[in-house]
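Text of the file entry.cif, holding mmCIF, N, CA and C atoms:
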```cif
data_protein
loop_
_atom_site.label_atom_id
_atom_site.label_comp_id
_atom_site.auth_asym_id
_atom_site.auth_seq_id
_atom_site.Cartn_x
_atom_site.Cartn_y
_atom_site.Cartn_z
N MET O 1 -9.38 71.94 -121.27
CA MET O 1 -8.13 71.40 -120.77
C MET O 1 -7.75 70.18 -121.60
N GLN O 2 -6.71 69.51 -121.16
CA GLN O 2 -6.17 68.37 -121.89
C GLN O 2 -6.89 67.08 -121.53
N GLY O 3 -6.46 65.99 -122.15
CA GLY O 3 -7.02 64.68 -121.84
C GLY O 3 -6.45 64.14 -120.55
N ILE O 4 -6.49 62.82 -120.39
CA ILE O 4 -5.98 62.15 -119.20
C ILE O 4 -4.47 62.37 -119.10
N MET O 5 -4.02 62.75 -117.91
CA MET O 5 -2.59 62.95 -117.65
C MET O 5 -2.18 62.07 -116.47
N THR O 6 -0.94 61.61 -116.49
CA THR O 6 -0.41 60.89 -115.34
C THR O 6 -0.05 61.90 -114.26
N ILE O 7 0.10 61.43 -113.03
CA ILE O 7 0.47 62.32 -111.94
C ILE O 7 1.84 62.95 -112.21
N GLU O 8 2.73 62.23 -112.85
CA GLU O 8 4.04 62.79 -113.19
C GLU O 8 3.91 63.96 -114.15
N GLU O 9 3.04 63.82 -115.15
CA GLU O 9 2.81 64.92 -116.10
C GLU O 9 2.17 66.12 -115.41
N ILE O 10 1.22 65.85 -114.51
CA ILE O 10 0.56 66.92 -113.77
C ILE O 10 1.58 67.65 -112.90
N GLU O 11 2.41 66.90 -112.18
CA GLU O 11 3.42 67.51 -111.32
C GLU O 11 4.41 68.37 -112.12
N LYS O 12 4.78 67.91 -113.29
CA LYS O 12 5.73 68.64 -114.12
C LYS O 12 5.12 69.93 -114.66
N GLN O 13 3.88 69.89 -115.07
CA GLN O 13 3.24 71.03 -115.72
C GLN O 13 2.67 72.06 -114.75
N PHE O 14 2.26 71.63 -113.55
CA PHE O 14 1.54 72.53 -112.65
C PHE O 14 2.24 72.70 -111.30
N ASP O 15 3.56 72.84 -111.30
CA ASP O 15 4.32 73.01 -110.07
C ASP O 15 3.86 74.25 -109.31
N SER O 16 3.71 74.11 -108.01
CA SER O 16 3.30 75.19 -107.09
C SER O 16 1.89 75.70 -107.37
N GLU O 17 1.01 74.83 -107.87
CA GLU O 17 -0.38 75.20 -108.13
C GLU O 17 -1.32 74.19 -107.50
N TRP O 18 -2.55 74.62 -107.28
CA TRP O 18 -3.65 73.74 -106.89
C TRP O 18 -4.25 73.20 -108.18
N VAL O 19 -4.61 71.92 -108.18
CA VAL O 19 -5.13 71.28 -109.39
C VAL O 19 -6.41 70.52 -109.05
N LEU O 20 -7.45 70.76 -109.85
CA LEU O 20 -8.72 70.03 -109.75
C LEU O 20 -8.68 68.92 -110.79
N ILE O 21 -8.73 67.68 -110.34
CA ILE O 21 -8.59 66.52 -111.22
C ILE O 21 -9.91 65.76 -111.26
N GLY O 22 -10.46 65.59 -112.45
CA GLY O 22 -11.70 64.85 -112.63
C GLY O 22 -11.44 63.39 -112.88
N ASP O 23 -12.33 62.53 -112.42
CA ASP O 23 -12.23 61.08 -112.56
C ASP O 23 -10.83 60.56 -112.27
N PRO O 24 -10.30 60.86 -111.08
CA PRO O 24 -8.94 60.42 -110.77
C PRO O 24 -8.84 58.89 -110.68
N GLN O 25 -7.77 58.36 -111.21
CA GLN O 25 -7.44 56.95 -111.05
C GLN O 25 -6.51 56.88 -109.84
N THR O 26 -6.83 56.02 -108.89
CA THR O 26 -6.05 55.94 -107.66
C THR O 26 -5.55 54.53 -107.41
N ASN O 27 -4.56 54.42 -106.53
CA ASN O 27 -4.09 53.10 -106.11
C ASN O 27 -4.84 52.70 -104.83
N GLU O 28 -4.42 51.59 -104.22
CA GLU O 28 -5.12 51.09 -103.04
C GLU O 28 -5.00 52.02 -101.84
N LEU O 29 -4.02 52.93 -101.87
CA LEU O 29 -3.85 53.92 -100.80
C LEU O 29 -4.57 55.24 -101.12
N LEU O 30 -5.33 55.24 -102.23
CA LEU O 30 -6.07 56.40 -102.72
C LEU O 30 -5.15 57.55 -103.17
N GLU O 31 -3.92 57.22 -103.52
CA GLU O 31 -3.02 58.21 -104.11
C GLU O 31 -3.39 58.37 -105.58
N VAL O 32 -3.46 59.59 -106.05
CA VAL O 32 -3.85 59.86 -107.43
C VAL O 32 -2.72 59.42 -108.37
N LEU O 33 -3.08 58.61 -109.36
CA LEU O 33 -2.13 58.13 -110.36
C LEU O 33 -2.29 58.87 -111.68
N SER O 34 -3.53 59.22 -112.01
CA SER O 34 -3.82 59.93 -113.26
C SER O 34 -5.22 60.51 -113.19
N GLY O 35 -5.54 61.33 -114.18
CA GLY O 35 -6.86 61.92 -114.26
C GLY O 35 -6.87 63.07 -115.24
N LYS O 36 -8.03 63.70 -115.40
CA LYS O 36 -8.18 64.82 -116.31
C LYS O 36 -8.13 66.12 -115.51
N VAL O 37 -7.20 67.00 -115.85
CA VAL O 37 -7.10 68.28 -115.17
C VAL O 37 -8.27 69.15 -115.63
N LEU O 38 -9.14 69.48 -114.69
CA LEU O 38 -10.31 70.30 -114.99
C LEU O 38 -10.02 71.79 -114.81
N TRP O 39 -9.11 72.11 -113.88
CA TRP O 39 -8.77 73.51 -113.60
C TRP O 39 -7.49 73.53 -112.78
N HIS O 40 -6.76 74.61 -112.87
CA HIS O 40 -5.57 74.78 -112.03
C HIS O 40 -5.41 76.26 -111.71
N SER O 41 -4.85 76.53 -110.53
CA SER O 41 -4.68 77.91 -110.09
C SER O 41 -3.71 77.94 -108.91
N SER O 42 -3.10 79.08 -108.71
CA SER O 42 -2.27 79.26 -107.51
C SER O 42 -3.16 79.60 -106.31
N ASN O 43 -4.44 79.84 -106.55
CA ASN O 43 -5.39 80.23 -105.51
C ASN O 43 -6.30 79.06 -105.16
N ARG O 44 -6.21 78.55 -103.94
CA ARG O 44 -7.01 77.39 -103.53
C ARG O 44 -8.50 77.68 -103.58
N ASP O 45 -8.91 78.89 -103.19
CA ASP O 45 -10.34 79.23 -103.20
C ASP O 45 -10.92 79.17 -104.61
N GLU O 46 -10.11 79.54 -105.60
CA GLU O 46 -10.57 79.49 -107.00
C GLU O 46 -10.84 78.04 -107.42
N ILE O 47 -10.01 77.12 -106.96
CA ILE O 47 -10.21 75.70 -107.27
C ILE O 47 -11.53 75.21 -106.67
N HIS O 48 -11.79 75.57 -105.43
CA HIS O 48 -13.03 75.13 -104.78
C HIS O 48 -14.26 75.75 -105.46
N SER O 49 -14.16 77.00 -105.88
CA SER O 49 -15.26 77.64 -106.60
C SER O 49 -15.52 76.95 -107.93
N LYS O 50 -14.43 76.58 -108.62
CA LYS O 50 -14.58 75.90 -109.91
C LYS O 50 -15.19 74.51 -109.72
N ALA O 51 -14.82 73.83 -108.64
CA ALA O 51 -15.40 72.51 -108.36
C ALA O 51 -16.91 72.64 -108.12
N MET O 52 -17.32 73.70 -107.41
CA MET O 52 -18.75 73.93 -107.17
C MET O 52 -19.47 74.25 -108.48
N GLU O 53 -18.81 74.97 -109.36
CA GLU O 53 -19.40 75.32 -110.66
C GLU O 53 -19.53 74.10 -111.56
N LEU O 54 -18.46 73.31 -111.67
CA LEU O 54 -18.44 72.16 -112.58
C LEU O 54 -19.17 70.94 -112.02
N ARG O 55 -19.17 70.81 -110.69
CA ARG O 55 -19.78 69.68 -110.01
C ARG O 55 -19.40 68.32 -110.60
N PRO O 56 -18.09 68.04 -110.68
CA PRO O 56 -17.69 66.73 -111.20
C PRO O 56 -18.14 65.62 -110.26
N LYS O 57 -18.51 64.49 -110.83
CA LYS O 57 -19.01 63.37 -110.03
C LYS O 57 -17.91 62.82 -109.11
N ARG O 58 -16.72 62.62 -109.65
CA ARG O 58 -15.56 62.17 -108.88
C ARG O 58 -14.42 63.13 -109.17
N PHE O 59 -13.76 63.59 -108.10
CA PHE O 59 -12.64 64.51 -108.32
C PHE O 59 -11.67 64.48 -107.15
N ALA O 60 -10.51 65.04 -107.39
CA ALA O 60 -9.49 65.22 -106.35
C ALA O 60 -8.94 66.62 -106.49
N VAL O 61 -8.54 67.20 -105.37
CA VAL O 61 -7.88 68.51 -105.37
C VAL O 61 -6.50 68.29 -104.76
N LEU O 62 -5.48 68.63 -105.51
CA LEU O 62 -4.10 68.45 -105.05
C LEU O 62 -3.35 69.76 -105.12
N HIS O 63 -2.39 69.92 -104.21
CA HIS O 63 -1.42 71.01 -104.35
C HIS O 63 -0.13 70.36 -104.81
N ILE O 64 0.41 70.83 -105.91
CA ILE O 64 1.62 70.27 -106.49
C ILE O 64 2.82 71.05 -105.96
N GLY O 65 3.82 70.34 -105.48
CA GLY O 65 5.04 70.98 -105.00
C GLY O 65 5.03 71.18 -103.51
N GLU O 66 5.85 72.13 -103.07
CA GLU O 66 5.97 72.43 -101.64
C GLU O 66 4.67 73.04 -101.13
N PRO O 67 4.29 72.72 -99.88
CA PRO O 67 3.07 73.31 -99.32
C PRO O 67 3.19 74.84 -99.25
N PRO O 68 2.09 75.53 -99.49
CA PRO O 68 2.11 76.99 -99.39
C PRO O 68 2.52 77.46 -97.99
N GLU O 69 3.18 78.61 -97.92
CA GLU O 69 3.61 79.19 -96.65
C GLU O 69 2.42 79.34 -95.70
N GLY O 70 2.59 78.85 -94.48
CA GLY O 70 1.55 79.00 -93.46
C GLY O 70 0.42 77.98 -93.56
N MET O 71 0.46 77.08 -94.53
CA MET O 71 -0.60 76.08 -94.72
C MET O 71 -0.42 74.96 -93.70
N GLU O 72 -1.49 74.57 -93.03
CA GLU O 72 -1.48 73.46 -92.11
C GLU O 72 -2.35 72.35 -92.66
N PHE O 73 -1.92 71.12 -92.49
CA PHE O 73 -2.65 69.97 -93.01
C PHE O 73 -3.10 69.07 -91.88
N ALA O 74 -4.26 68.50 -92.00
CA ALA O 74 -4.77 67.52 -91.04
C ALA O 74 -5.00 66.23 -91.79
N LEU O 75 -4.54 65.15 -91.23
CA LEU O 75 -4.71 63.84 -91.87
C LEU O 75 -5.77 63.04 -91.16
#
```
Using structure tokens, write down the structure that the file contains.
Amino acid sequence: MQGIMTIEEIEKQFDSEWVLIGDPQTNELLEVLSGKVLWHSSNRDEIHSKAMELRPKRFAVLHIGEPPEGMEFAL
């Protein structure tokens, strides 16, 4: 994959996909500002499998764009 990308670059390139981000840089609210895209897919399960395979020390998983149909979130 590519080097460090800003969240704006990630959002532009990976719209409507799940993204596994390694060594994410975050703000005080833990919002991802930048990081290295390790994997991306439209399938959430594939992202989790890749995270288990790569075992990054620090990572974030984000869905870029509108939430998938039928997806529920808990905060």
Checklist entry - So what does the PyMOL selection byres ((chain O and resi 61) around 7) actually pick up in this one, as a PyMOL selection string? => result chain O and resi 18-21+59-60+62-63
Centre, x/y/z edge lengths, axis-aligned box for region 56-62 of chain O with 5 Å per side, as JSON:
```
{"center_x": -11.2, "center_y": 66.0, "center_z": -108.0, "size_x": 25.7, "size_y": 17.6, "size_z": 16.4}
```
Filtered DSSP result for chain O, state helix (DSSP H, G or I), as a PDB file with N, CA and C atoms, keeping the file's coordinate frame:
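Done, and the output landed in states.pdb:
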```pdb
ATOM      1  N   ILE O   7       0.100  61.430-113.030  1.00  0.00           N
ATOM      2  CA  ILE O   7       0.470  62.320-111.940  1.00  0.00           C
ATOM      3  C   ILE O   7       1.840  62.950-112.210  1.00  0.00           C
ATOM      4  N   GLU O   8       2.730  62.230-112.850  1.00  0.00           N
ATOM      5  CA  GLU O   8       4.040  62.790-113.190  1.00  0.00           C
ATOM      6  C   GLU O   8       3.910  63.960-114.150  1.00  0.00           C
ATOM      7  N   GLU O   9       3.040  63.820-115.150  1.00  0.00           N
ATOM      8  CA  GLU O   9       2.810  64.920-116.100  1.00  0.00           C
ATOM      9  C   GLU O   9       2.170  66.120-115.410  1.00  0.00           C
ATOM     10  N   ILE O  10       1.220  65.850-114.510  1.00  0.00           N
ATOM     11  CA  ILE O  10       0.560  66.920-113.770  1.00  0.00           C
ATOM     12  C   ILE O  10       1.580  67.650-112.900  1.00  0.00           C
ATOM     13  N   GLU O  11       2.410  66.900-112.180  1.00  0.00           N
ATOM     14  CA  GLU O  11       3.420  67.510-111.320  1.00  0.00           C
ATOM     15  C   GLU O  11       4.410  68.370-112.120  1.00  0.00           C
ATOM     16  N   LYS O  12       4.780  67.910-113.290  1.00  0.00           N
ATOM     17  CA  LYS O  12       5.730  68.640-114.120  1.00  0.00           C
ATOM     18  C   LYS O  12       5.120  69.930-114.660  1.00  0.00           C
ATOM     19  N   GLN O  13       3.880  69.890-115.070  1.00  0.00           N
ATOM     20  CA  GLN O  13       3.240  71.030-115.720  1.00  0.00           C
ATOM     21  C   GLN O  13       2.670  72.060-114.750  1.00  0.00           C
ATOM     22  N   ARG O  44      -6.210  78.550-103.940  1.00  0.00           N
ATOM     23  CA  ARG O  44      -7.010  77.390-103.530  1.00  0.00           C
ATOM     24  C   ARG O  44      -8.500  77.680-103.580  1.00  0.00           C
ATOM     25  N   ASP O  45      -8.910  78.890-103.190  1.00  0.00           N
ATOM     26  CA  ASP O  45     -10.340  79.230-103.200  1.00  0.00           C
ATOM     27  C   ASP O  45     -10.920  79.170-104.610  1.00  0.00           C
ATOM     28  N   GLU O  46     -10.110  79.540-105.600  1.00  0.00           N
ATOM     29  CA  GLU O  46     -10.570  79.490-107.000  1.00  0.00           C
ATOM     30  C   GLU O  46     -10.840  78.040-107.420  1.00  0.00           C
ATOM     31  N   ILE O  47     -10.010  77.120-106.960  1.00  0.00           N
ATOM     32  CA  ILE O  47     -10.210  75.700-107.270  1.00  0.00           C
ATOM     33  C   ILE O  47     -11.530  75.210-106.670  1.00  0.00           C
ATOM     34  N   HIS O  48     -11.790  75.570-105.430  1.00  0.00           N
ATOM     35  CA  HIS O  48     -13.030  75.130-104.780  1.00  0.00           C
ATOM     36  C   HIS O  48     -14.260  75.750-105.460  1.00  0.00           C
ATOM     37  N   SER O  49     -14.160  77.000-105.880  1.00  0.00           N
ATOM     38  CA  SER O  49     -15.260  77.640-106.600  1.00  0.00           C
ATOM     39  C   SER O  49     -15.520  76.950-107.930  1.00  0.00           C
ATOM     40  N   LYS O  50     -14.430  76.580-108.620  1.00  0.00           N
ATOM     41  CA  LYS O  50     -14.580  75.900-109.910  1.00  0.00           C
ATOM     42  C   LYS O  50     -15.190  74.510-109.720  1.00  0.00           C
ATOM     43  N   ALA O  51     -14.820  73.830-108.640  1.00  0.00           N
ATOM     44  CA  ALA O  51     -15.400  72.510-108.360  1.00  0.00           C
ATOM     45  C   ALA O  51     -16.910  72.640-108.120  1.00  0.00           C
ATOM     46  N   MET O  52     -17.320  73.700-107.410  1.00  0.00           N
ATOM     47  CA  MET O  52     -18.750  73.930-107.170  1.00  0.00           C
ATOM     48  C   MET O  52     -19.470  74.250-108.480  1.00  0.00           C
ATOM     49  N   GLU O  53     -18.810  74.970-109.360  1.00  0.00           N
ATOM     50  CA  GLU O  53     -19.400  75.320-110.660  1.00  0.00           C
ATOM     51  C   GLU O  53     -19.530  74.100-111.560  1.00  0.00           C
ATOM     52  N   LEU O  54     -18.460  73.310-111.670  1.00  0.00           N
ATOM     53  CA  LEU O  54     -18.440  72.160-112.580  1.00  0.00           C
ATOM     54  C   LEU O  54     -19.170  70.940-112.020  1.00  0.00           C
TER      55      LEU O  54
END
```
Checklist entry - Of the residues O:Pro68, O:Gly3, O:Glu8, O:Glu17, which is the one nearest to His40 (chain O), using all atoms listed in the file? => result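 Among the listed residues, O:Glu17 lies closest to His40 (chain O).
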Next on the checklist: Could you tell me how far atom C of Ser42 (chain O) sits from atom N of Lys57 (chain O), in Å to one decimal place?
Outcome noted: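 Atom-to-atom, atom N of Lys57 (chain O) and atom C of Ser42 (chain O) are spaced 22.0 Å apart.
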Checklist entry - What is the distance between CA of Ile47 (chain O) and CA of Gly22 (chain O), in Å to one decimal? => result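 Computed distance, CA of Ile47 (chain O) to CA of Gly22 (chain O), equals 12.2 Å.
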